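Visitor: Quick one: this structure, given as C-alpha cells, is what I'll be asking you about.
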Amino acid sequence: MTVVVEMVSDLVCPWCWLGLRRIEEARKLAPEVDVQLLFRPFELDPTIPAAGVDYKAYMKEKFGTSDESRERSGTMRQALVDYGEAEGIPYHFDRITRRPNSFDAHRIVRWAQGQNTGPEAKEALFKAFFEDGRDIGEHEVLVDVAREINLDAAIVADLLKSDADVDNVRAEAEAFRQMGISGVPTYIANRAVAVQGAESAEKLARFLKHAAAQLPQERPAG
C-alpha cells in the first residue's frame with residue numbers, strides 16, 4: 001500500500017528547499033516504501049502585500065538591528081549555506097532584493113502537481129528565489145518558471161490574471177494552520193503521523209518506514 005506524504009512548506013522558506021532534497025533522498029533510502037509525495041501550501045507571512053517588500057528592510061524588522069540580532073541572523077544564514085553545500089543547494093541570499101508574497105507561486109505548484117510535475121515546480125521556484133534572487137511574486141517570473149517545467153506558459157499567464165484556485169489554495173493553507181502547523185517544512189503521512197523541520201534524510205527515511213508500518217496489512221489473495 002502507498003504512504004501518502006503531504007509536505008507542507010513555503011517557497012520563501014530556505015529550510016523547505018533543504019527539506020525537499022532530504023525527503024527525496026529519504027525515499028531512496030527506503031525503497032521498499034511506496035511513497036506518494038504531495039505538496040501543500042503554507043504562507044509564513046500572509047501579510048506580505050502582493051507586490052512584496054524590500055528584503056533587507058523586512059529582515060531587519062524581523063530579526064532586529066542589534067549586534068546580537070545581526071550575529072544570530074548571520075549564524076543562521078551561514079548554517080543554511082553550509083547545509084546547502086552538503087545538499088547541492090547554492091543559496092545566494094545576497095542576490096535577493098524583494099521578499100515576495102508567495103501565494104501565486106503556490107498556485108503554480110498546484111497546477112504543476114495536476115500535471116505530475118510538482119517536484120519540478122518546487123525545485124524551479126526555490127532555485128529562482130534562493131539561487132537567482134528572482135521575485136517569485138511577479139507573474140512574469142512565474143510564467144518563466146512555468147515554461148521551464150514545460151507547463152503551457154500562455155495558459156498559466158491567463159490563469160494568474162484570474163482567480164483560478166485562489167479559494168482552493170487559501171482553504172488548504174488555512175486547513176493546515178487549523179491543524180496546528182506553525183512551522184515548515186512539515187511532513188504528514190496518511191494524515192496520521194507527522195514530523196516537522198528539515199530533518200536528515202536518514203531520520204525522514206525512518207519516518208517513512210514507521211508510517212508504512214502503521215498501514216493496514218493487505219490480506220493475501222485466495
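Chains: A, B, ... in order of the C-alpha cells. Residues: from 1 per chain. Ligands: from 1, in order shown.
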Which residues of stretch 87-165 of chain A sit at most 12 Å from stretch 38-49 of chain A, using only C-alpha atoms? Give each one's shortest atom pair and distance in Å (one decimal place), in chain and ascending residue order, as CSV.
Guide:
```
residue,atom,partner,partner_atom,distance
A:Arg98,CA,A:Ile48,CA,10.9
A:Arg99,CA,A:Ile48,CA,8.1
A:Pro100,CA,A:Ile48,CA,7.2
A:Asn101,CA,A:Ile48,CA,5.4
A:Ser102,CA,A:Glu43,CA,6.9
A:Phe103,CA,A:Glu43,CA,7.2
A:Asp104,CA,A:Pro41,CA,10.3
A:Ala105,CA,A:Pro41,CA,9.4
A:His106,CA,A:Pro41,CA,5.9
A:Arg107,CA,A:Pro41,CA,8.6
A:Ile108,CA,A:Pro41,CA,10.7
A:Val109,CA,A:Phe39,CA,7.6
A:Arg110,CA,A:Phe39,CA,7.8
A:Trp111,CA,A:Phe39,CA,11.1
A:Ala112,CA,A:Phe39,CA,10.3
A:Gln113,CA,A:Leu38,CA,7.8
A:Gly114,CA,A:Leu38,CA,10.4
A:Asn116,CA,A:Leu38,CA,10.0
A:Thr117,CA,A:Leu38,CA,10.6
A:Gly118,CA,A:Phe39,CA,7.2
A:Pro119,CA,A:Phe39,CA,8.2
A:Glu120,CA,A:Phe39,CA,11.4
A:Ala121,CA,A:Phe39,CA,10.2
A:Lys122,CA,A:Phe39,CA,8.5
A:Glu123,CA,A:Phe39,CA,11.8
A:Gly137,CA,A:Pro49,CA,9.7
A:Glu138,CA,A:Pro49,CA,11.8
```
Visitor: What does the file look like for those residues with C-alpha atoms, as a PDB file, in the first residue's frame?
Guide:
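Output below, filename selection_8.pdb:
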```pdb
ATOM      1  CA  ARG A  98      12.469  41.545  -2.620  1.00  0.00           C
ATOM      2  CA  ARG A  99      10.617  39.489  -0.034  1.00  0.00           C
ATOM      3  CA  PRO A 100       7.728  38.315  -2.235  1.00  0.00           C
ATOM      4  CA  ASN A 101       4.210  37.278  -1.435  1.00  0.00           C
ATOM      5  CA  SER A 102       4.343  33.538  -2.203  1.00  0.00           C
ATOM      6  CA  PHE A 103       0.624  32.926  -2.760  1.00  0.00           C
ATOM      7  CA  ASP A 104       0.679  32.864  -6.567  1.00  0.00           C
ATOM      8  CA  ALA A 105       3.778  30.667  -6.516  1.00  0.00           C
ATOM      9  CA  HIS A 106       1.725  28.137  -4.565  1.00  0.00           C
ATOM     10  CA  ARG A 107      -0.867  28.277  -7.326  1.00  0.00           C
ATOM     11  CA  ILE A 108       1.877  27.359  -9.810  1.00  0.00           C
ATOM     12  CA  VAL A 109       2.795  24.331  -7.693  1.00  0.00           C
ATOM     13  CA  ARG A 110      -0.847  23.283  -7.530  1.00  0.00           C
ATOM     14  CA  TRP A 111      -1.217  23.429 -11.305  1.00  0.00           C
ATOM     15  CA  ALA A 112       2.097  21.669 -11.857  1.00  0.00           C
ATOM     16  CA  GLN A 113       1.096  18.945  -9.437  1.00  0.00           C
ATOM     17  CA  GLY A 114      -2.007  18.386 -11.527  1.00  0.00           C
ATOM     18  CA  ASN A 116       2.591  15.415 -12.393  1.00  0.00           C
ATOM     19  CA  THR A 117       5.391  17.976 -12.269  1.00  0.00           C
ATOM     20  CA  GLY A 118       5.040  19.119  -8.672  1.00  0.00           C
ATOM     21  CA  PRO A 119       8.650  18.332  -7.658  1.00  0.00           C
ATOM     22  CA  GLU A 120       9.973  20.144 -10.722  1.00  0.00           C
ATOM     23  CA  ALA A 121       7.886  23.202  -9.868  1.00  0.00           C
ATOM     24  CA  LYS A 122       9.115  23.275  -6.278  1.00  0.00           C
ATOM     25  CA  GLU A 123      12.750  22.957  -7.350  1.00  0.00           C
ATOM     26  CA  GLY A 137       5.756  37.066  -6.574  1.00  0.00           C
ATOM     27  CA  GLU A 138       5.947  38.613 -10.047  1.00  0.00           C
TER      28      GLU A 138
END
```
Visitor: So, with only C-alpha atoms as the atoms that count, which of A:Leu125, A:Ile136, A:Ala26, A:Thr186 lies closest to A:Lys209?
Guide: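 Among the listed residues, A:Ala26 lies closest to A:Lys209.
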Visitor: I want to know what sits within 12 Å of A:Ala153, based on only C-alpha atoms, with residues of the same chain fewer than 3 positions away left out; could you give that as a PyMOL selection string?
Guide: chain A and resi 108+111-112+139-150+156-160
Visitor: Using DSSP secondary structure from the backbone, list all helix (DSSP H, G or I) positions within stretch 121-205 of chain A, as JSON, numbers by chain.
Guide: {"A": [121, 122, 123, 124, 125, 126, 127, 128, 129, 130, 131, 139, 140, 141, 142, 143, 144, 145, 146, 147, 148, 153, 154, 155, 156, 157, 158, 159, 160, 161, 166, 167, 168, 169, 170, 171, 172, 173, 174, 175, 176, 177, 178, 201, 202, 203, 204, 205]}
Visitor: So how many Å separate atom CA of A:Gly197 and atom CA of A:Val8, to one decimal?
Guide: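 Going from atom CA of A:Gly197 over to atom CA of A:Val8, I get 10.3 Å.
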Visitor: Which of these residues is nearest to A:Glu6, using only C-alpha atoms: A:Asn190, A:Gln196, A:Gln217, A:Gln115?
Guide: A:Asn190
Visitor: From the DSSP assignment of the backbone, select every residue of stretch 36-177 of chain A that is strand (DSSP E or B), and format the answer as a PDB file with N, CA and C atoms, in the first residue's frame.
Guide:
```pdb
ATOM      1  N   GLN A  36       3.782   8.412  -2.124  1.00  0.00           N
ATOM      2  CA  GLN A  36       3.201   9.442  -2.982  1.00  0.00           C
ATOM      3  C   GLN A  36       3.420  10.772  -2.280  1.00  0.00           C
ATOM      4  N   LEU A  37       4.274  11.603  -2.855  1.00  0.00           N
ATOM      5  CA  LEU A  37       4.630  12.884  -2.237  1.00  0.00           C
ATOM      6  C   LEU A  37       3.773  13.993  -2.827  1.00  0.00           C
ATOM      7  N   LEU A  38       3.027  14.673  -1.961  1.00  0.00           N
ATOM      8  CA  LEU A  38       2.164  15.772  -2.374  1.00  0.00           C
ATOM      9  C   LEU A  38       2.623  17.060  -1.687  1.00  0.00           C
ATOM     10  N   PHE A  39       2.473  18.164  -2.382  1.00  0.00           N
ATOM     11  CA  PHE A  39       2.910  19.451  -1.841  1.00  0.00           C
ATOM     12  C   PHE A  39       1.711  20.296  -1.452  1.00  0.00           C
ATOM     13  N   ARG A  40       1.760  20.816  -0.237  1.00  0.00           N
ATOM     14  CA  ARG A  40       0.671  21.615   0.299  1.00  0.00           C
ATOM     15  C   ARG A  40       1.164  23.023   0.627  1.00  0.00           C
ATOM     16  N   PRO A  41       0.324  24.026   0.428  1.00  0.00           N
ATOM     17  CA  PRO A  41       0.744  25.421   0.610  1.00  0.00           C
ATOM     18  C   PRO A  41       0.759  25.861   2.064  1.00  0.00           C
ATOM     19  N   VAL A  53       7.879  43.220  -0.537  1.00  0.00           N
ATOM     20  CA  VAL A  53       8.503  44.312   0.210  1.00  0.00           C
ATOM     21  C   VAL A  53      10.013  44.221   0.046  1.00  0.00           C
ATOM     22  N   ASP A  54      10.699  45.285   0.404  1.00  0.00           N
ATOM     23  CA  ASP A  54      12.159  45.284   0.355  1.00  0.00           C
ATOM     24  C   ASP A  54      12.711  44.207   1.286  1.00  0.00           C
ATOM     25  N   ARG A  98      13.872  41.428  -3.001  1.00  0.00           N
ATOM     26  CA  ARG A  98      12.469  41.545  -2.620  1.00  0.00           C
ATOM     27  C   ARG A  98      12.047  40.331  -1.802  1.00  0.00           C
ATOM     28  N   ARG A  99      11.249  40.582  -0.764  1.00  0.00           N
ATOM     29  CA  ARG A  99      10.617  39.489  -0.034  1.00  0.00           C
ATOM     30  C   ARG A  99       9.214  39.379  -0.643  1.00  0.00           C
TER      31      ARG A  99
END
```
Visitor: Determine, using only C-alpha atoms, which residues of stretch 106-176 of chain A have any atom at most 6 Å from an atom of stretch 88-97 of chain A, and tabulate each with its shortest atom pair and distance in Å to one decimal place, rows ordered by chain and then rising number, as a tab-separated table.
Guide:
```
residue	atom	partner	partner_atom	distance
A:Phe130	CA	A:Tyr91	CA	5.4
A:Glu131	CA	A:His92	CA	5.1
A:Gly133	CA	A:Ile96	CA	4.3
```
Visitor: Those residues with C-alpha atoms, as an mmCIF file, in the first residue's frame please?
Guide:
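The resulting file, out_39.cif, is shown below:
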```
data_model
loop_
_atom_site.group_PDB
_atom_site.id
_atom_site.type_symbol
_atom_site.label_atom_id
_atom_site.label_comp_id
_atom_site.auth_asym_id
_atom_site.auth_seq_id
_atom_site.Cartn_x
_atom_site.Cartn_y
_atom_site.Cartn_z
ATOM 1 C CA PHE A 130 17.249 31.469 -3.416
ATOM 2 C CA GLU A 131 19.841 30.928 -6.141
ATOM 3 C CA GLY A 133 17.378 36.134 -6.493
#
```
Visitor: Excluding stretch 29-35 of chain A and its own-chain neighbours fewer than 2 positions away, which residues fall within 6 Å of it when counting only C-alpha atoms? Please give them as a ChimeraX atom specification.
Guide: /A:2-4,26-27,205
Visitor: Nearest residue to A:Ala198 out of A:Met76, A:Met1, A:Val184, A:Leu151, using only C-alpha atoms?
Guide: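 Under the stated criterion, the closest residue is A:Val184.
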